[in-house]
>>> print(open('target.cif').read())   # mmCIF, C-alpha atoms and all ligand atoms
data_run
loop_
_atom_site.group_PDB
_atom_site.id
_atom_site.type_symbol
_atom_site.label_atom_id
_atom_site.label_comp_id
_atom_site.auth_asym_id
_atom_site.auth_seq_id
_atom_site.Cartn_x
_atom_site.Cartn_y
_atom_site.Cartn_z
ATOM 1 C CA MET L 752 -25.402 6.836 -20.404
ATOM 2 C CA ALA L 753 -22.029 5.384 -19.579
ATOM 3 C CA CYS L 754 -20.465 8.595 -20.810
ATOM 4 C CA LEU L 755 -22.639 10.768 -18.557
ATOM 5 C CA PHE L 756 -21.679 8.670 -15.578
ATOM 6 C CA LYS L 757 -18.013 9.030 -16.409
ATOM 7 C CA LYS L 758 -18.332 12.807 -16.614
ATOM 8 C CA ARG L 759 -20.094 12.991 -13.289
ATOM 9 C CA PHE L 760 -17.492 10.771 -11.737
ATOM 10 C CA LEU L 761 -14.714 12.995 -13.056
ATOM 11 C CA VAL L 762 -16.384 16.146 -11.724
ATOM 12 C CA MET L 763 -16.874 14.517 -8.332
ATOM 13 C CA GLY L 764 -13.246 13.429 -8.292
ATOM 14 C CA LEU L 765 -12.030 16.896 -9.230
ATOM 15 C CA SER L 766 -14.148 18.644 -6.641
ATOM 16 C CA ALA L 767 -12.932 16.223 -3.994
ATOM 17 C CA MET L 768 -9.329 17.044 -4.890
ATOM 18 C CA LEU L 769 -10.009 20.778 -4.965
ATOM 19 C CA ALA L 770 -11.943 20.769 -1.718
ATOM 20 C CA LEU L 771 -9.026 19.546 0.377
ATOM 21 C CA PRO L 772 -6.526 22.394 -0.138
ATOM 22 C CA LEU L 773 -9.344 24.950 0.157
ATOM 23 C CA GLN L 774 -10.297 23.604 3.561
ATOM 24 C CA ALA L 775 -6.701 23.517 4.666
ATOM 25 C CA GLU L 776 -6.256 27.180 3.781
ATOM 26 C CA GLU L 777 -9.492 28.382 5.324
ATOM 27 C CA PRO L 778 -9.848 26.562 8.617
ATOM 28 C CA SER L 779 -12.050 29.316 10.067
ATOM 29 C CA GLN L 780 -14.898 28.280 7.785
ATOM 30 C CA ASN L 781 -14.869 24.723 9.042
ATOM 31 C CA GLN L 782 -14.780 25.072 12.767
ATOM 32 C CA GLY L 783 -17.225 23.592 15.238
ATOM 33 C CA PRO L 784 -18.099 19.997 16.033
ATOM 34 C CA ASP L 785 -20.744 19.717 13.294
ATOM 35 C CA ARG L 786 -18.476 20.890 10.547
ATOM 36 C CA ASN L 787 -15.660 18.425 10.789
ATOM 37 C CA SER L 788 -14.415 18.617 7.219
ATOM 38 C CA ALA L 789 -13.161 15.045 7.047
ATOM 39 C CA GLN L 790 -16.513 13.649 8.125
ATOM 40 C CA ALA L 791 -18.522 15.978 5.959
ATOM 41 C CA HIS L 792 -16.667 15.262 2.745
ATOM 42 C CA SER L 793 -15.219 11.742 2.880
ATOM 43 C CA PRO L 794 -17.352 8.723 2.244
ATOM 44 C CA ALA L 795 -17.475 6.358 5.219
ATOM 45 C CA ASP L 796 -14.462 4.060 5.452
ATOM 46 C CA SER L 797 -15.906 0.730 4.425
ATOM 47 C CA ARG L 798 -12.655 -1.242 4.494
ATOM 48 C CA GLU L 799 -12.882 -4.315 6.681
ATOM 49 C CA ILE L 800 -11.169 -3.890 10.053
ATOM 50 C CA ILE L 801 -8.430 -6.284 11.134
ATOM 51 C CA TRP L 802 -7.932 -6.037 14.897
ATOM 52 C CA LEU L 803 -4.341 -6.357 16.070
ATOM 53 C CA SER L 804 -2.441 -5.654 19.262
ATOM 54 C CA PRO L 805 -0.609 -2.300 19.198
ATOM 55 C CA SER L 806 2.744 -4.022 18.701
ATOM 56 C CA GLU L 807 1.446 -6.304 15.926
ATOM 57 C CA ARG L 808 0.022 -3.284 14.146
ATOM 58 C CA ALA L 809 3.358 -1.497 14.497
ATOM 59 C CA THR L 810 5.138 -4.568 13.081
ATOM 60 C CA VAL L 811 2.974 -4.839 9.963
ATOM 61 C CA LEU L 812 3.017 -1.118 9.313
ATOM 62 C CA ALA L 813 6.819 -1.115 9.569
ATOM 63 C CA GLU L 814 6.835 -3.941 7.018
ATOM 64 C CA MET L 815 4.588 -1.839 4.773
ATOM 65 C CA ARG L 816 6.959 1.095 4.952
ATOM 66 C CA GLN L 817 9.786 -1.236 3.956
ATOM 67 C CA PHE L 818 7.808 -2.023 0.793
ATOM 68 C CA VAL L 819 7.945 1.648 -0.153
ATOM 69 C CA VAL L 820 11.665 1.838 0.629
ATOM 70 C CA ALA L 821 12.299 -1.265 -1.500
ATOM 71 C CA SER L 822 10.143 -0.025 -4.385
ATOM 72 C CA GLN L 823 11.991 3.293 -4.455
ATOM 73 C CA ALA L 824 15.405 1.595 -4.345
ATOM 74 C CA ILE L 825 14.362 -0.733 -7.170
ATOM 75 C CA LEU L 826 13.264 2.174 -9.384
ATOM 76 C CA GLN L 827 16.459 4.112 -8.674
ATOM 77 C CA GLY L 828 18.574 0.989 -9.168
ATOM 78 C CA VAL L 829 16.956 0.317 -12.540
ATOM 79 C CA LEU L 830 17.538 3.926 -13.630
ATOM 80 C CA ASP L 831 21.203 3.700 -12.557
ATOM 81 C CA GLU L 832 21.507 0.139 -13.923
ATOM 82 C CA ASN L 833 22.832 -0.798 -10.505
ATOM 83 C CA TRP L 834 21.590 -4.379 -10.444
ATOM 84 C CA GLN L 835 23.122 -5.182 -7.080
ATOM 85 C CA THR L 836 21.019 -2.433 -5.479
ATOM 86 C CA VAL L 837 17.912 -3.775 -7.189
ATOM 87 C CA GLU L 838 18.607 -7.321 -6.078
ATOM 88 C CA ASP L 839 19.409 -6.390 -2.465
ATOM 89 C CA ALA L 840 16.379 -4.122 -2.105
ATOM 90 C CA ALA L 841 13.997 -6.692 -3.539
ATOM 91 C CA ARG L 842 15.476 -9.655 -1.637
ATOM 92 C CA GLU L 843 15.059 -7.729 1.630
ATOM 93 C CA VAL L 844 11.251 -7.792 1.283
ATOM 94 C CA GLY L 845 11.067 -11.117 -0.554
ATOM 95 C CA VAL L 846 10.082 -14.512 0.807
ATOM 96 C CA ARG L 847 12.497 -14.194 3.728
ATOM 97 C CA GLN L 848 10.455 -11.319 5.148
ATOM 98 C CA MET L 849 7.282 -13.338 4.601
ATOM 99 C CA ARG L 850 8.629 -16.181 6.748
ATOM 100 C CA GLN L 851 9.384 -13.749 9.578
ATOM 101 C CA THR L 852 5.688 -12.991 10.241
ATOM 102 C CA PRO L 853 5.020 -14.170 13.821
ATOM 103 C CA PRO L 854 2.500 -17.081 13.911
ATOM 104 C CA GLY L 855 0.236 -15.266 16.414
ATOM 105 C CA LEU L 856 -0.126 -12.392 13.997
ATOM 106 C CA ARG L 857 -0.659 -14.662 11.009
ATOM 107 C CA ASP L 858 -3.623 -16.274 12.783
ATOM 108 C CA LYS L 859 -5.413 -12.926 12.956
ATOM 109 C CA LEU L 860 -5.134 -12.173 9.248
ATOM 110 C CA PRO L 861 -8.123 -13.093 7.089
ATOM 111 C CA GLU L 862 -7.792 -15.588 4.254
ATOM 112 C CA GLY L 863 -8.011 -13.045 1.421
ATOM 113 C CA PHE L 864 -5.319 -10.978 3.096
ATOM 114 C CA MET L 865 -3.122 -14.047 3.449
ATOM 115 C CA ARG L 866 -3.456 -14.718 -0.275
ATOM 116 C CA LEU L 867 -2.382 -11.211 -1.329
ATOM 117 C CA GLY L 868 0.546 -10.791 1.077
ATOM 118 C CA PRO L 869 2.626 -13.675 -0.288
ATOM 119 C CA LYS L 870 1.997 -12.496 -3.863
ATOM 120 C CA VAL L 871 3.789 -9.266 -3.019
ATOM 121 C CA HIS L 872 6.724 -11.040 -1.340
ATOM 122 C CA ARG L 873 7.053 -13.491 -4.245
ATOM 123 C CA GLY L 874 6.854 -10.574 -6.686
ATOM 124 C CA PHE L 875 9.818 -8.912 -4.986
ATOM 125 C CA GLU L 876 11.707 -12.241 -4.915
ATOM 126 C CA ASN L 877 11.133 -12.522 -8.691
ATOM 127 C CA ILE L 878 12.538 -9.029 -9.159
ATOM 128 C CA ALA L 879 15.628 -10.016 -7.152
ATOM 129 C CA ASP L 880 16.073 -13.096 -9.379
ATOM 130 C CA GLU L 881 15.685 -11.046 -12.539
ATOM 131 C CA ALA L 882 18.238 -8.500 -11.249
ATOM 132 C CA SER L 883 20.793 -11.220 -10.533
ATOM 133 C CA GLY L 884 20.014 -13.006 -13.808
ATOM 134 C CA LEU L 885 19.118 -11.427 -17.137
ATOM 135 C CA ALA L 886 18.608 -7.967 -15.613
ATOM 136 C CA ASP L 887 16.136 -6.709 -18.183
ATOM 137 C CA LYS L 888 14.902 -3.223 -17.260
ATOM 138 C CA THR L 889 11.471 -3.602 -18.788
ATOM 139 C CA VAL L 890 10.911 -6.954 -17.108
ATOM 140 C CA VAL L 891 11.805 -5.535 -13.686
ATOM 141 C CA LEU L 892 9.576 -2.480 -14.134
ATOM 142 C CA GLN L 893 6.699 -4.643 -15.327
ATOM 143 C CA LYS L 894 7.084 -6.959 -12.340
ATOM 144 C CA LEU L 895 7.050 -3.982 -9.969
ATOM 145 C CA ALA L 896 3.982 -2.498 -11.667
ATOM 146 C CA ASP L 897 2.235 -5.886 -11.483
ATOM 147 C CA LEU L 898 2.992 -6.497 -7.830
ATOM 148 C CA GLN L 899 1.846 -2.995 -6.912
ATOM 149 C CA GLN L 900 -1.618 -4.013 -8.117
ATOM 150 C CA HIS L 901 -1.692 -6.288 -5.064
ATOM 151 C CA CYS L 902 -0.773 -3.372 -2.763
ATOM 152 C CA ILE L 903 -3.704 -1.469 -4.254
ATOM 153 C CA SER L 904 -6.244 -4.300 -3.937
ATOM 154 C CA CYS L 905 -5.318 -5.041 -0.363
ATOM 155 C CA HIS L 906 -5.402 -1.384 0.685
ATOM 156 C CA ALA L 907 -8.858 -1.051 -0.841
ATOM 157 C CA SER L 908 -10.204 -3.902 1.296
ATOM 158 C CA TRP L 909 -8.647 -3.783 4.755
ATOM 159 C CA GLN L 910 -7.556 -1.490 7.544
ATOM 160 C CA PHE L 911 -5.783 -2.218 10.827
ATOM 161 C CA LYS L 912 -6.987 -1.084 14.199
ATOM 162 C CA ALA L 913 -5.219 -1.751 17.482
ATOM 163 C CA ARG L 914 -6.648 -2.960 20.768
ATOM 164 C CA PRO L 915 -4.654 -4.487 23.598
HETATM 165 C C1 LIG Q 1 -2.240 -8.153 2.097
HETATM 166 C C2 LIG Q 1 -2.595 -6.781 2.269
HETATM 167 C C3 LIG Q 1 -1.614 -5.691 1.939
HETATM 168 C C4 LIG Q 1 -0.697 -5.688 0.952
HETATM 169 C C5 LIG Q 1 -0.437 -6.756 -0.106
HETATM 170 C C6 LIG Q 1 -0.001 -4.434 1.066
HETATM 171 N N1 LIG Q 1 -0.489 -3.696 2.087
HETATM 172 FE FE1 LIG Q 1 0.188 -1.896 2.720
HETATM 173 N N2 LIG Q 1 -1.177 -1.864 4.189
HETATM 174 C C7 LIG Q 1 -2.165 -2.813 4.384
HETATM 175 C C8 LIG Q 1 -3.046 -2.391 5.442
HETATM 176 C C9 LIG Q 1 -4.251 -3.146 5.948
HETATM 177 C C10 LIG Q 1 -2.562 -1.156 5.897
HETATM 178 C C11 LIG Q 1 -3.148 -0.282 7.007
HETATM 179 C C12 LIG Q 1 -4.186 0.621 6.402
HETATM 180 C C13 LIG Q 1 -5.010 1.335 7.463
HETATM 181 O O1 LIG Q 1 -5.128 0.831 8.596
HETATM 182 O O2 LIG Q 1 -5.560 2.402 7.151
HETATM 183 C C14 LIG Q 1 -1.378 -0.854 5.086
HETATM 184 C C15 LIG Q 1 -0.597 0.274 5.242
HETATM 185 C C16 LIG Q 1 0.430 0.624 4.401
HETATM 186 C C17 LIG Q 1 1.232 1.818 4.538
HETATM 187 C C18 LIG Q 1 1.130 2.835 5.657
HETATM 188 C C19 LIG Q 1 2.202 2.508 6.683
HETATM 189 C C20 LIG Q 1 2.114 3.340 7.956
HETATM 190 O O3 LIG Q 1 3.141 3.485 8.612
HETATM 191 O O4 LIG Q 1 1.027 3.815 8.301
HETATM 192 C C21 LIG Q 1 2.096 1.832 3.487
HETATM 193 C C22 LIG Q 1 3.154 2.887 3.185
HETATM 194 C C23 LIG Q 1 1.856 0.642 2.701
HETATM 195 N N3 LIG Q 1 0.834 -0.084 3.294
HETATM 196 C C24 LIG Q 1 2.553 0.299 1.568
HETATM 197 C C25 LIG Q 1 2.368 -0.858 0.848
HETATM 198 C C26 LIG Q 1 3.037 -1.186 -0.386
HETATM 199 C C27 LIG Q 1 4.007 -0.289 -1.125
HETATM 200 C C28 LIG Q 1 2.604 -2.421 -0.752
HETATM 201 C C29 LIG Q 1 2.979 -3.243 -1.950
HETATM 202 C C30 LIG Q 1 4.356 -3.356 -2.308
HETATM 203 C C31 LIG Q 1 1.670 -2.860 0.260
HETATM 204 N N4 LIG Q 1 1.547 -1.888 1.214
HETATM 205 C C32 LIG Q 1 1.035 -4.070 0.231
HETATM 206 C C33 LIG Q 1 -2.297 -3.990 3.701
HETATM 207 C C34 LIG Q 1 -1.509 -4.409 2.642
#
>>> encode(input="target.cif", output="structure tokens", more="lines below")
Ligand code: HEC
Amino acid sequence: MACLFKKRFLVMGLSAMLALPLQAEEPSQNQGPDRNSAQAHSPADSREIIWLSPSERATVLAEMRQFVVASQAILQGVLDENWQTVEDAAREVGVRQMRQTPPGLRDKLPEGFMRLGPKVHRGFENIADEASGLADKTVVLQKLADLQQHCISCHASWQFKARP
């Protein structure tokens, strides 16, 4: 029973992945208001909406993009054994960045969101400490993998929308 479900899930996943490039290559088959491919094939977005002002949304999204920049620099720094790069990149998005969140914006963020955010910043701060201390490659990679679980959980639950 469990096995059957898994198989079905896999097939659904595969067809979803295959469907996208096909639609992109053959737009003529998906024209017209009733055949919007995104609506026809994606499940409804059930992530909870967090309403922000346009500039607040821009601020948090910029912070998000910095997380990707930092994560990439950390991985490259570990590969190159350049511990200063790892420390600087991680410190940049550590607790200092967390403290910079404007209070007005913080008030709009739900409790669950406010629990996950600091975990990510503290995770990066821990990476910075490890880089300036023992600098163990495996420890740094494990910390990055662990903190990315929080990125995943948060992204699964919330989305931002802007209104003035
Ligand atoms: C506490 C919640 C939370 C955490 C933790 C979090 N994010 Fe996000 N992130 C969001 C939300 C909400 C959005 C907006 C999604 C949407 O509106 O569709 C977002 C958007 C993004 C975007 C898109 C940025 C853009 O310009 O559109 C990136 C990239 C991103 N996050 C990376 C990360 C990475 C990497 C991590 C972990 C290191 C992370 N985020 C941690 C909530 C979070």
>>> resolve_selection(input="target.cif", expression="the PyMOL selection byres (((chain L and resi 805) around 12) and not hetatm)", output="list in words")
Ile801, Trp802, Leu803, Ser804, Ser806, Glu807, Arg808, Ala809, Thr810, Val811, Leu812, Leu856, Phe911, Lys912, Ala913, Arg914 and Pro915 of chain L
>>> atom_distance(input="target.cif", atom1="CA of Arg857 in chain L", atom2="CA of Gln900 in chain L")
21.9 Å
>>> closest_atom_pairs(input="target.cif", of="chain L", to="ligand LIG 1 (chain Q)", cutoff="9 Å", atoms="all atoms listed in the file", output="Markdown table")
| residue | atom | partner | partner_atom | distance |
| --- | --- | --- | --- | --- |
| L:Arg798 | CA | Q:LIG1 | O2 | 8.4 |
| L:Glu799 | CA | Q:LIG1 | C9 | 8.7 |
| L:Ile800 | CA | Q:LIG1 | O1 | 7.8 |
| L:Ile801 | CA | Q:LIG1 | C9 | 7.4 |
| L:Arg808 | CA | Q:LIG1 | C11 | 8.4 |
| L:Ala809 | CA | Q:LIG1 | O3 | 7.7 |
| L:Val811 | CA | Q:LIG1 | C14 | 7.7 |
| L:Leu812 | CA | Q:LIG1 | C19 | 4.6 |
| L:Ala813 | CA | Q:LIG1 | O3 | 6.0 |
| L:Glu814 | CA | Q:LIG1 | C19 | 7.9 |
| L:Met815 | CA | Q:LIG1 | C23 | 4.2 |
| L:Arg816 | CA | Q:LIG1 | C22 | 4.6 |
| L:Gln817 | CA | Q:LIG1 | C27 | 7.8 |
| L:Phe818 | CA | Q:LIG1 | C27 | 4.6 |
| L:Val819 | CA | Q:LIG1 | C27 | 4.5 |
| L:Val820 | CA | Q:LIG1 | C27 | 8.1 |
| L:Ala821 | CA | Q:LIG1 | C30 | 8.3 |
| L:Ser822 | CA | Q:LIG1 | C27 | 7.0 |
| L:Val844 | CA | Q:LIG1 | C30 | 9.0 |
| L:Leu860 | CA | Q:LIG1 | C1 | 8.7 |
| L:Gly863 | CA | Q:LIG1 | C1 | 7.6 |
| L:Phe864 | CA | Q:LIG1 | C1 | 4.3 |
| L:Met865 | CA | Q:LIG1 | C1 | 6.1 |
| L:Arg866 | CA | Q:LIG1 | C1 | 7.1 |
| L:Leu867 | CA | Q:LIG1 | C1 | 4.6 |
| L:Gly868 | CA | Q:LIG1 | C1 | 4.0 |
| L:Pro869 | CA | Q:LIG1 | C5 | 7.6 |
| L:Lys870 | CA | Q:LIG1 | C5 | 7.3 |
| L:Val871 | CA | Q:LIG1 | C5 | 5.7 |
| L:His872 | CA | Q:LIG1 | C30 | 8.1 |
| L:Gly874 | CA | Q:LIG1 | C30 | 8.8 |
| L:Phe875 | CA | Q:LIG1 | C30 | 8.2 |
| L:Leu895 | CA | Q:LIG1 | C30 | 8.1 |
| L:Leu898 | CA | Q:LIG1 | C30 | 6.5 |
| L:Gln899 | CA | Q:LIG1 | C29 | 5.1 |
| L:Gln900 | CA | Q:LIG1 | C29 | 7.7 |
| L:His901 | CA | Q:LIG1 | C5 | 5.1 |
| L:Cys902 | CA | Q:LIG1 | C32 | 3.6 |
| L:Ile903 | CA | Q:LIG1 | C32 | 7.0 |
| L:Ser904 | CA | Q:LIG1 | C5 | 7.4 |
| L:Cys905 | CA | Q:LIG1 | C2 | 4.2 |
| L:His906 | CA | Q:LIG1 | C33 | 5.1 |
| L:Ala907 | CA | Q:LIG1 | C9 | 8.5 |
| L:Ser908 | CA | Q:LIG1 | C9 | 7.6 |
| L:Trp909 | CA | Q:LIG1 | C9 | 4.6 |
| L:Gln910 | CA | Q:LIG1 | O1 | 3.5 |
| L:Phe911 | CA | Q:LIG1 | O1 | 3.8 |
| L:Lys912 | CA | Q:LIG1 | O1 | 6.2 |
>>> residues_around(input="target.cif", residues="Ser883 in chain L", least_positions_apart="2", cutoff="9 Å", atoms="all atoms listed in the file", output="JSON, numbers by chain")
{"L": [834, 835, 837, 838, 878, 879, 880, 881, 885, 886]}
>>> axis_aligned_box(input="target.cif", around="range 854-868 of chain L", padding_each_side="6 Å", output="JSON")
{"center_x": -2.8, "center_y": -13.9, "center_z": 7.5, "size_x": 22.6, "size_y": 18.3, "size_z": 29.7}
>>> atom_distance(input="target.cif", atom1="CA of Lys894 in chain L", atom2="CA of Asn877 in chain L")
7.8 Å
>>> atom_distance(input="target.cif", atom1="CA of Glu832 in chain L", atom2="CA of Lys888 in chain L")
8.1 Å
>>> closest_residue(input="target.cif", among="L:Ala795, L:Val891, L:Ala896, L:Ala824", to="Asp839 in chain L", atoms="only C-alpha atoms")
L:Ala824
